[in-house]
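**Q** Take a look at this one; I'll ask things after.
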Amino acid sequence: MKQTILELLDSRVRAALQAAGCPDAPAIVAPAGRPEFGDYQANGVMAAAKSRKMNPRQLAEQVVTALDLKDMASKVEIAGPGFINITLSPEYLASLMTAALGDVNLGVPQPPAQRVVIDYSSPNLAKEMHVGHLRSTIIGDALARVLRFLGHTVIAQNHVGDWGTQFGMLTAYLIEAEQQEGEMVLSDLEDFYRRAKQRFDEDAAFADRAREYVVKLQGGDAQVKALWQKFLDISLHHCAALYARLGVALTREDVRGESAYNDDLPVVVADLQAKGLAVESQGAQVVFLDEFRNKEGEAQAYIVRKQDGGYLYSTSDLAAVRYRVGTLKADRVLYVVDARQALHFQQLFTLSRKAGYATGMTQLEHVGFGVMLGEDGKPFKTRSGTTVKLVDLLQEAEERAFTLVSEKNTEMPEADRRTISHAVGIGAVKYADLSKNRNSDYVFNWNSMLSFEGNTAPYLQYAYTRIQSVFRKADVSNEQADILLTESAERQLALELARFADAVHAVGREAAPHFLCAYLYDLATHFMRFYEACPVLKSEGAVRDSRLRLCRLTADTLKTGLGLLGIETLDVM
Ligand code: ARG
């Protein structure tokens with residue numbers, strides 16, 4: 001099987017460690033931190049020497065003697081207490097460039113294929129989607145794209161909140177409001193929810209009816225169910241419009257909400273009881289998990305059925321694990337959900353394994369993320385303190401981008417400026433989110449995300465269009481030309497291009513898109529350096545051909561990389 005550079009170096013160094021008498025020692029290969037350390041550095045020797053009480057320099061020498069990198073490296077050196085510094089040969093780098101240029105996947109090798117379920121977006125349908133669901137939608141979409149690109153089978157699951165007591169209130173209000181106002185009452189869901197809640201709080205008769213509707217809904221009453229379905233359809237329609245605007249490929253087929261697991265909930269609880277996991281506690285059905293203890297040292301309770309017989313978020317999630325592993329045959333399940341739900345998922349995963357819903361072979365991962373903050377460092381809100389609607393946010397992004405694009409292109413027809421500002425505005429919002437380590441909170445700032453300098457979408461999109469303009473001026477280019485890496489800037493660019501595969505693999509492995517963002521930013525920076533140091537159009541013959549091919553691969557890599565993040569590129573902007 002084809003391997004990435006890091007995988008290749010890792011297996012070669014491990015083989016050499018083995019030959020030097022350290023069979024299980026890890027190689028610990030990483031990109032070298034500084035040019036004088038070569039391109040890659042293997043750091044495993046020190047730990048291996050320590051555990052075998054050997055002199056690390058001596059072991060390093062044995063490892064280097066056994067290390068076979070003839071086909072890859074031009075220099076292998078021992079440094080410091082036993083680091084192994086590896087410099088790739090220009091021939092090897094050139095061969096990687098040629099291979100990438102001739103491959104739709106840009107030379108990125110595919111790991112063993114898995115079936116990966118990704119639970120993302122998953123808004124609550126009672127209300128309109130807001131910024132809190134933006135992160136899940138954007139991160140989940142990028143992960144879906146990356147994992148598909150790596151050859152995995154990705155099954156999206158939009159685990160929408162479409163069940164629970166608030167739907168009694170909403171359906172009761174739907175009849176009432178439609179009778180008074182006609183069909184259009186649901187154009188603004190947020191407003192609809194507010195009015196329904198107000199009726200519920202102020203009118204006891206209405207509140208009683210709402211409760212009665214919940215019972216009817218749960219009992220499968222056809223009339224209430226039809227109303228509920230109507231409400232969901234409209235709410236999902238709102239979601240679909242946002243997905244389309246964001247360029248997120250979630251469809252109705254991907255929706256499998258909490259209600260889909262209704263019939264399974266009593267089955268799950270009975271099963272947990274039969275397995276001795278769920279026990280009665282104050283009328284509720286509870287699982288006490290020894291793995292999670294409170295401050296007093298008592299096992300924490302995970303409630304699976306309430307005192308009144310109702311089921312919970314946790315119960316539907318247990319049923320969903322069974323479905324995803326048992327029916328969808330997932331090897332890996334990613335839950336792209338707010339980090340504040342971390343404990344819920346730890347408990348869910350632990351219990352799922354205990355109950356046998358997932359075996360040790362199935363990877364269950366909570367892909368958590370922090371909160372989007374306003375510039376005041378508090379959770380992102382409108383000026384009046386209400387939650388920001390997603391439509392309004394995206395509208396503002398495109399408007400701001402339109403102003404910027406119009407300043408740069410005074411002559412361009414408006415329709416073209418609109419197309420560009422859509423790509424730039426949406427791209428900026430997505431990239432600002434994806435480029436941060438998802439675990440941390442981040443400050444949402446229009447000016448920095450829309451800047452044409454720094455680690456932003458507009459900067460990368462602009463770098464791409466600059467290369468496109470080189471091709472427009474180049475007239476002819478030889479698509480078969482040899483890659484020549486004589487200048488240092490050429491070599492550095494090639495090395496950076498060669499690292500694409502490892503960046504994409506890291507995103508797939510760690511479910512962390514920011515690795516790809518950091519990579520693309522480095523790539524664009526190396527390209528700019530190359531472009532300043534090495535004339536392309538003004539050079540001649542084989543040098544010009546080779547440089548044009550490096551330009552080509554850079555453009556392809558930027559386009560593919562941004563595409564994996566769900567961000568568009570444009571030929572002009
Ligand atoms: N609807 C939930 C919320 O908005 C998120 C659901 C995430 N997925 C899951 N399987 N629990 O908080």
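Identifiers for the structure tokens are assigned positionally: chains receive A, B, ... in sequence, residues are indexed from 1 per chain, and ligands are indexed from 1 in the order shown.
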Do you know which residues are within 9 Å of ligand 1 using only C-alpha atoms and all ligand atoms? Can you write them as a compact mmCIF listing (two decimals) with N, CA, C and O atoms, in the first residue's frame?

**A**
# COMPACT_ATOMS: atom_id res chain seq x y z
N ASP A 119 -22.12 12.42 12.88
CA ASP A 119 -23.30 13.08 13.42
C ASP A 119 -22.98 14.57 13.49
O ASP A 119 -22.12 14.98 14.28
N TYR A 120 -23.58 15.35 12.61
CA TYR A 120 -23.27 16.79 12.64
C TYR A 120 -24.46 17.65 12.26
O TYR A 120 -25.45 17.14 11.75
N SER A 121 -24.31 18.91 12.55
CA SER A 121 -25.37 19.93 12.42
C SER A 121 -26.41 19.71 13.52
O SER A 121 -26.45 20.44 14.48
N SER A 122 -27.26 18.68 13.37
CA SER A 122 -28.17 18.23 14.43
C SER A 122 -28.84 19.34 15.25
O SER A 122 -28.76 19.33 16.48
N PRO A 123 -29.51 20.29 14.57
CA PRO A 123 -30.17 21.36 15.33
C PRO A 123 -31.45 20.85 16.00
O PRO A 123 -31.92 19.76 15.68
N ASN A 124 -31.96 21.66 16.90
CA ASN A 124 -33.28 21.37 17.45
C ASN A 124 -34.31 22.03 16.56
O ASN A 124 -34.23 23.22 16.30
N LEU A 125 -35.27 21.27 16.11
CA LEU A 125 -36.19 21.80 15.10
C LEU A 125 -37.29 22.68 15.67
O LEU A 125 -38.02 23.32 14.93
N GLY A 132 -24.98 28.65 17.22
CA GLY A 132 -24.48 27.49 17.95
C GLY A 132 -24.36 26.25 17.08
O GLY A 132 -23.52 25.39 17.32
N HIS A 133 -25.22 26.16 16.05
CA HIS A 133 -25.16 24.98 15.18
C HIS A 133 -24.24 25.20 13.99
O HIS A 133 -23.98 24.28 13.23
N SER A 136 -20.88 23.09 14.35
CA SER A 136 -21.08 21.66 14.08
C SER A 136 -21.24 21.41 12.59
O SER A 136 -20.68 20.47 12.02
N GLN A 157 -25.29 11.78 9.51
CA GLN A 157 -26.50 11.62 10.32
C GLN A 157 -26.83 12.97 10.95
O GLN A 157 -26.07 13.47 11.80
N ASN A 158 -27.93 13.52 10.52
CA ASN A 158 -28.39 14.78 11.10
C ASN A 158 -29.37 14.42 12.22
O ASN A 158 -30.56 14.20 11.98
N HIS A 159 -28.84 14.35 13.42
CA HIS A 159 -29.60 13.86 14.59
C HIS A 159 -30.40 15.03 15.17
O HIS A 159 -30.11 15.53 16.26
N VAL A 160 -31.41 15.46 14.40
CA VAL A 160 -32.15 16.66 14.81
C VAL A 160 -33.00 16.41 16.05
O VAL A 160 -33.45 15.29 16.29
N GLY A 161 -33.20 17.47 16.82
CA GLY A 161 -34.09 17.39 17.97
C GLY A 161 -35.51 17.62 17.49
O GLY A 161 -35.91 18.74 17.20
N ASP A 162 -36.27 16.53 17.33
CA ASP A 162 -37.62 16.65 16.77
C ASP A 162 -38.64 15.98 17.68
O ASP A 162 -39.70 15.55 17.25
N GLY A 257 -33.65 11.90 13.08
CA GLY A 257 -33.76 12.64 14.34
C GLY A 257 -34.06 11.76 15.53
O GLY A 257 -34.21 10.54 15.39
N GLU A 258 -34.17 12.41 16.66
CA GLU A 258 -34.47 11.67 17.90
C GLU A 258 -35.73 10.83 17.76
O GLU A 258 -35.80 9.70 18.27
N TYR A 313 -32.89 12.44 26.14
CA TYR A 313 -31.82 12.61 25.16
C TYR A 313 -30.85 11.43 25.22
O TYR A 313 -30.45 10.87 24.21
N SER A 314 -30.50 11.03 26.44
CA SER A 314 -29.53 9.94 26.62
C SER A 314 -30.08 8.62 26.07
O SER A 314 -29.34 7.84 25.48
N SER A 316 -32.30 8.17 23.59
CA SER A 316 -32.27 8.12 22.12
C SER A 316 -30.84 7.98 21.62
O SER A 316 -30.59 7.35 20.59
N ASP A 317 -29.88 8.56 22.36
CA ASP A 317 -28.50 8.41 21.91
C ASP A 317 -28.01 6.96 22.05
O ASP A 317 -27.22 6.49 21.24
N LEU A 318 -28.49 6.26 23.07
CA LEU A 318 -28.12 4.84 23.19
C LEU A 318 -28.70 4.04 22.03
O LEU A 318 -28.01 3.22 21.41
N ALA A 320 -29.39 5.23 19.19
CA ALA A 320 -28.67 5.65 17.98
C ALA A 320 -27.32 4.92 17.85
O ALA A 320 -26.92 4.56 16.74
N VAL A 321 -26.65 4.68 18.96
CA VAL A 321 -25.39 3.92 18.89
C VAL A 321 -25.68 2.52 18.35
O VAL A 321 -24.99 2.03 17.44
N TYR A 335 -19.08 12.31 16.67
CA TYR A 335 -20.15 13.17 17.14
C TYR A 335 -19.63 14.60 17.18
O TYR A 335 -18.84 14.94 18.07
N VAL A 336 -20.02 15.39 16.20
CA VAL A 336 -19.53 16.77 16.14
C VAL A 336 -20.50 17.64 16.94
O VAL A 336 -21.49 18.15 16.40
N VAL A 337 -20.23 17.73 18.21
CA VAL A 337 -21.16 18.39 19.14
C VAL A 337 -20.38 19.23 20.15
O VAL A 337 -19.29 18.84 20.60
N ASP A 338 -20.93 20.39 20.47
CA ASP A 338 -20.46 21.28 21.52
C ASP A 338 -19.71 20.56 22.67
O ASP A 338 -20.20 19.58 23.21
N GLN A 341 -21.08 19.13 26.03
CA GLN A 341 -21.73 17.82 26.18
C GLN A 341 -20.73 16.69 26.39
O GLN A 341 -21.06 15.51 26.23
N HIS A 344 -21.71 13.83 28.82
CA HIS A 344 -22.77 13.00 28.23
C HIS A 344 -22.16 11.95 27.29
O HIS A 344 -22.52 10.78 27.35
N PHE A 345 -21.25 12.38 26.43
CA PHE A 345 -20.70 11.43 25.46
C PHE A 345 -19.76 10.42 26.10
O PHE A 345 -19.78 9.25 25.73

**Q** Could you name the residues that touch region 398-411 of chain A at 6 Å or less, counting only C-alpha atoms, but leaving out those on the same chain fewer than 4 positions away, as a list in words?

**A**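 Non-adjacent residues within range: Ser421, His422 and Gly425 of chain A.
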
**Q** Do a neighbour search on region 6-12 of chain A at 7 Å with only C-alpha atoms, toss out local chain neighbours closer than 4 positions, and write the hits as a short mmCIF file (atom, residue, chain, number, x, y, z; two decimals) with all heavy atoms, in the first residue's frame.

**A**
data_model
loop_
_atom_site.label_atom_id
_atom_site.label_comp_id
_atom_site.auth_asym_id
_atom_site.auth_seq_id
_atom_site.Cartn_x
_atom_site.Cartn_y
_atom_site.Cartn_z
N ALA A 16 14.97 0.11 11.30
CA ALA A 16 16.37 0.30 11.67
C ALA A 16 16.57 0.14 13.17
O ALA A 16 17.57 -0.44 13.63
CB ALA A 16 16.85 1.67 11.20
N ALA A 27 9.46 5.31 16.49
CA ALA A 27 10.43 6.11 15.73
C ALA A 27 10.32 7.61 16.03
O ALA A 27 11.32 8.31 16.02
CB ALA A 27 10.22 5.87 14.24
N VAL A 29 8.81 10.31 14.31
CA VAL A 29 9.27 11.15 13.20
C VAL A 29 8.33 12.35 13.07
O VAL A 29 7.12 12.21 13.18
CB VAL A 29 9.27 10.36 11.88
CG1 VAL A 29 9.77 11.24 10.73
CG2 VAL A 29 10.11 9.11 12.01
N LEU A 67 19.69 2.10 8.61
CA LEU A 67 18.57 2.85 8.04
C LEU A 67 18.68 2.94 6.52
O LEU A 67 19.64 3.50 6.00
CB LEU A 67 18.53 4.26 8.66
CG LEU A 67 17.39 5.19 8.26
CD1 LEU A 67 16.03 4.57 8.57
CD2 LEU A 67 17.51 6.52 9.01
N ASP A 68 17.68 2.38 5.85
CA ASP A 68 17.72 2.38 4.39
C ASP A 68 16.81 3.47 3.84
O ASP A 68 15.60 3.31 3.78
CB ASP A 68 17.27 1.00 3.88
CG ASP A 68 17.28 0.96 2.36
OD1 ASP A 68 17.84 1.90 1.74
OD2 ASP A 68 16.75 -0.01 1.80
N ASP A 502 0.29 14.22 4.30
CA ASP A 502 0.31 14.06 5.75
C ASP A 502 -0.66 15.02 6.45
O ASP A 502 -1.24 14.66 7.47
CB ASP A 502 1.74 14.24 6.29
CG ASP A 502 2.49 12.91 6.25
OD1 ASP A 502 1.93 11.91 6.76
OD2 ASP A 502 3.60 12.85 5.68
#

**Q** Please provide the set of residues having any atom within 12 Å of region 383-395 of chain A, restricted to only C-alpha atoms, with same-chain residues fewer than 4 positions apart removed, written as a ChimeraX atom specification.

**A** /A:123,127-135,137,188-191,238-247,372-376,378-379,399-402,418,421-430,444-446

**Q** Go ahead and compute the interatomic distance for CA of Asp441 (chain A) and CA of Ala342 (chain A), in Å to one decimal.

**A**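 If I compute the distance from CA of Asp441 (chain A) to CA of Ala342 (chain A), I get 14.7 Å.
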
**Q** Identify, on the basis of only C-alpha atoms, every residue whose closest approach to Tyr464 (chain A) does not exceed 8 Å; exclude the query and any residue fewer than 6 positions from it along the same chain; express the result as an MDAnalysis selection string.

**A** chainID A and resid 555 558:559 569:571

**Q** Write down as an mmCIF file with N, CA and C atoms, in the first residue's frame the residues belonging to region 239-410 of chain A that are assigned strand (DSSP E or B) by DSSP computed on the backbone.

**A**
data_model
loop_
_atom_site.group_PDB
_atom_site.id
_atom_site.type_symbol
_atom_site.label_atom_id
_atom_site.label_comp_id
_atom_site.auth_asym_id
_atom_site.auth_seq_id
_atom_site.Cartn_x
_atom_site.Cartn_y
_atom_site.Cartn_z
ATOM 1 N N VAL A 255 -31.257 13.089 7.454
ATOM 2 C CA VAL A 255 -31.946 13.390 8.705
ATOM 3 C C VAL A 255 -32.435 12.102 9.343
ATOM 4 N N ALA A 278 -29.229 -1.145 34.138
ATOM 5 C CA ALA A 278 -30.174 -0.125 34.589
ATOM 6 C C ALA A 278 -30.895 -0.625 35.833
ATOM 7 N N VAL A 279 -30.991 0.225 36.843
ATOM 8 C CA VAL A 279 -31.699 -0.142 38.073
ATOM 9 C C VAL A 279 -32.662 0.980 38.440
ATOM 10 N N GLU A 280 -33.649 0.657 39.282
ATOM 11 C CA GLU A 280 -34.586 1.684 39.680
ATOM 12 C C GLU A 280 -33.988 2.564 40.758
ATOM 13 N N SER A 281 -34.200 3.855 40.615
ATOM 14 C CA SER A 281 -33.755 4.772 41.640
ATOM 15 C C SER A 281 -34.752 5.914 41.693
ATOM 16 N N ALA A 284 -37.105 6.307 38.823
ATOM 17 C CA ALA A 284 -36.505 6.411 37.487
ATOM 18 C C ALA A 284 -35.645 5.183 37.203
ATOM 19 N N GLN A 285 -35.324 4.984 35.923
ATOM 20 C CA GLN A 285 -34.381 3.922 35.559
ATOM 21 C C GLN A 285 -33.015 4.576 35.332
ATOM 22 N N VAL A 286 -32.034 4.073 36.063
ATOM 23 C CA VAL A 286 -30.747 4.759 36.108
ATOM 24 C C VAL A 286 -29.614 3.756 35.957
ATOM 25 N N VAL A 287 -28.551 4.169 35.271
ATOM 26 C CA VAL A 287 -27.349 3.348 35.230
ATOM 27 C C VAL A 287 -26.280 4.055 36.058
ATOM 28 N N PHE A 288 -25.716 3.348 37.023
ATOM 29 C CA PHE A 288 -24.626 3.936 37.799
ATOM 30 C C PHE A 288 -23.308 3.473 37.206
ATOM 31 N N LEU A 289 -22.542 4.417 36.743
ATOM 32 C CA LEU A 289 -21.283 4.065 36.093
ATOM 33 C C LEU A 289 -20.117 4.309 37.041
ATOM 34 N N ASP A 290 -19.449 3.238 37.391
ATOM 35 C CA ASP A 290 -18.318 3.337 38.320
ATOM 36 C C ASP A 290 -17.202 4.216 37.782
ATOM 37 N N GLU A 291 -17.133 4.286 36.445
ATOM 38 C CA GLU A 291 -16.054 5.047 35.809
ATOM 39 C C GLU A 291 -16.177 6.542 36.084
ATOM 40 N N PHE A 292 -17.400 6.973 36.429
ATOM 41 C CA PHE A 292 -17.610 8.403 36.646
ATOM 42 C C PHE A 292 -18.093 8.608 38.073
ATOM 43 N N ARG A 293 -17.249 9.243 38.841
ATOM 44 C CA ARG A 293 -17.608 9.447 40.244
ATOM 45 C C ARG A 293 -17.700 10.932 40.552
ATOM 46 N N ALA A 299 -20.693 6.712 42.406
ATOM 47 C CA ALA A 299 -20.845 6.516 40.969
ATOM 48 C C ALA A 299 -21.935 7.450 40.446
ATOM 49 N N GLN A 300 -21.672 8.104 39.322
ATOM 50 C CA GLN A 300 -22.642 9.054 38.785
ATOM 51 C C GLN A 300 -23.794 8.357 38.088
ATOM 52 N N ALA A 301 -24.956 8.964 38.201
ATOM 53 C CA ALA A 301 -26.159 8.374 37.622
ATOM 54 C C ALA A 301 -26.357 8.847 36.185
ATOM 55 N N TYR A 302 -26.629 7.908 35.305
ATOM 56 C CA TYR A 302 -26.985 8.231 33.919
ATOM 57 C C TYR A 302 -28.433 7.785 33.768
ATOM 58 N N ILE A 303 -29.327 8.749 33.693
ATOM 59 C CA ILE A 303 -30.754 8.423 33.695
ATOM 60 C C ILE A 303 -31.192 8.008 32.296
ATOM 61 N N VAL A 304 -31.892 6.885 32.197
ATOM 62 C CA VAL A 304 -32.373 6.448 30.884
ATOM 63 C C VAL A 304 -33.904 6.457 30.787
ATOM 64 N N ARG A 305 -34.585 6.534 31.926
ATOM 65 C CA ARG A 305 -36.041 6.741 31.900
ATOM 66 C C ARG A 305 -36.443 7.551 33.124
ATOM 67 N N TYR A 311 -38.798 9.282 28.250
ATOM 68 C CA TYR A 311 -37.409 8.966 27.912
ATOM 69 C C TYR A 311 -36.622 10.249 27.680
ATOM 70 N N ARG A 332 -16.426 3.580 12.725
ATOM 71 C CA ARG A 332 -16.062 4.769 13.471
ATOM 72 C C ARG A 332 -17.271 5.698 13.478
ATOM 73 N N VAL A 333 -17.589 6.266 14.643
ATOM 74 C CA VAL A 333 -18.691 7.217 14.722
ATOM 75 C C VAL A 333 -18.169 8.514 15.317
ATOM 76 N N LEU A 334 -18.345 9.608 14.590
ATOM 77 C CA LEU A 334 -17.910 10.917 15.060
ATOM 78 C C LEU A 334 -19.119 11.740 15.472
ATOM 79 N N TYR A 335 -19.077 12.311 16.670
ATOM 80 C CA TYR A 335 -20.152 13.174 17.143
ATOM 81 C C TYR A 335 -19.625 14.600 17.183
ATOM 82 N N VAL A 336 -20.021 15.386 16.196
ATOM 83 C CA VAL A 336 -19.530 16.768 16.140
ATOM 84 C C VAL A 336 -20.502 17.638 16.937
ATOM 85 N N GLN A 363 -14.727 2.661 16.808
ATOM 86 C CA GLN A 363 -14.240 3.903 17.408
ATOM 87 C C GLN A 363 -15.424 4.834 17.621
ATOM 88 N N LEU A 364 -15.620 5.277 18.852
ATOM 89 C CA LEU A 364 -16.660 6.268 19.144
ATOM 90 C C LEU A 364 -15.939 7.527 19.601
ATOM 91 N N GLU A 365 -16.142 8.624 18.920
ATOM 92 C CA GLU A 365 -15.388 9.838 19.255
ATOM 93 C C GLU A 365 -16.291 11.053 19.366
ATOM 94 N N HIS A 366 -16.137 11.769 20.442
ATOM 95 C CA HIS A 366 -16.812 13.058 20.557
ATOM 96 C C HIS A 366 -15.889 14.125 19.974
ATOM 97 N N VAL A 367 -16.287 14.670 18.839
ATOM 98 C CA VAL A 367 -15.510 15.733 18.208
ATOM 99 C C VAL A 367 -16.065 17.052 18.756
ATOM 100 N N MET A 372 -18.438 30.055 20.162
ATOM 101 C CA MET A 372 -18.124 31.217 19.350
ATOM 102 C C MET A 372 -18.394 32.464 20.202
ATOM 103 N N LEU A 373 -17.362 33.279 20.360
ATOM 104 C CA LEU A 373 -17.496 34.444 21.240
ATOM 105 C C LEU A 373 -17.593 35.738 20.439
ATOM 106 N N PRO A 379 -20.255 34.959 24.957
ATOM 107 C CA PRO A 379 -20.894 34.225 23.857
ATOM 108 C C PRO A 379 -21.535 35.167 22.839
ATOM 109 N N LYS A 389 -29.255 34.973 14.421
ATOM 110 C CA LYS A 389 -29.760 33.998 13.473
ATOM 111 C C LYS A 389 -28.723 33.754 12.391
#

**Q** In terms of the shortest atom-to-atom distance over only C-alpha atoms, which of A:Ala210, A:Ala511, A:Ile78, A:Met46 is closest to Leu174 (chain A)?

**A** A:Ala210

**Q** If you measure from CA of Tyr193 (chain A) to CA of Gly368 (chain A), what distance in Å do you get, rounded to one decimal?

**A**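 CA of Gly368 (chain A) lies 28.0 Å from CA of Tyr193 (chain A).
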
**Q** Quick one: residues within 8 Å of Ala518 (chain A), only C-alpha atoms counted, chain neighbours fewer than 4 positions away excluded, as a list in words?

**A**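 In the requested form, the answer reads Ser435, Asn455, His514 and Asp522 of chain A.
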
**Q** Of the candidates A:Ser546, A:Gln347, A:Ser352, A:Thr171, which one gets nearest to Glu479 (chain A) if we count only C-alpha atoms?

**A** A:Ser546

**Q** List every residue of region 126-358 of chain A that DSSP, applied to the backbone of this structure, places in alpha helix (DSSP H), and write the result as a ChimeraX atom specification.

**A** /A:131-149,166-181,189-202,204-218,222-246,265-274,313-322,342-354
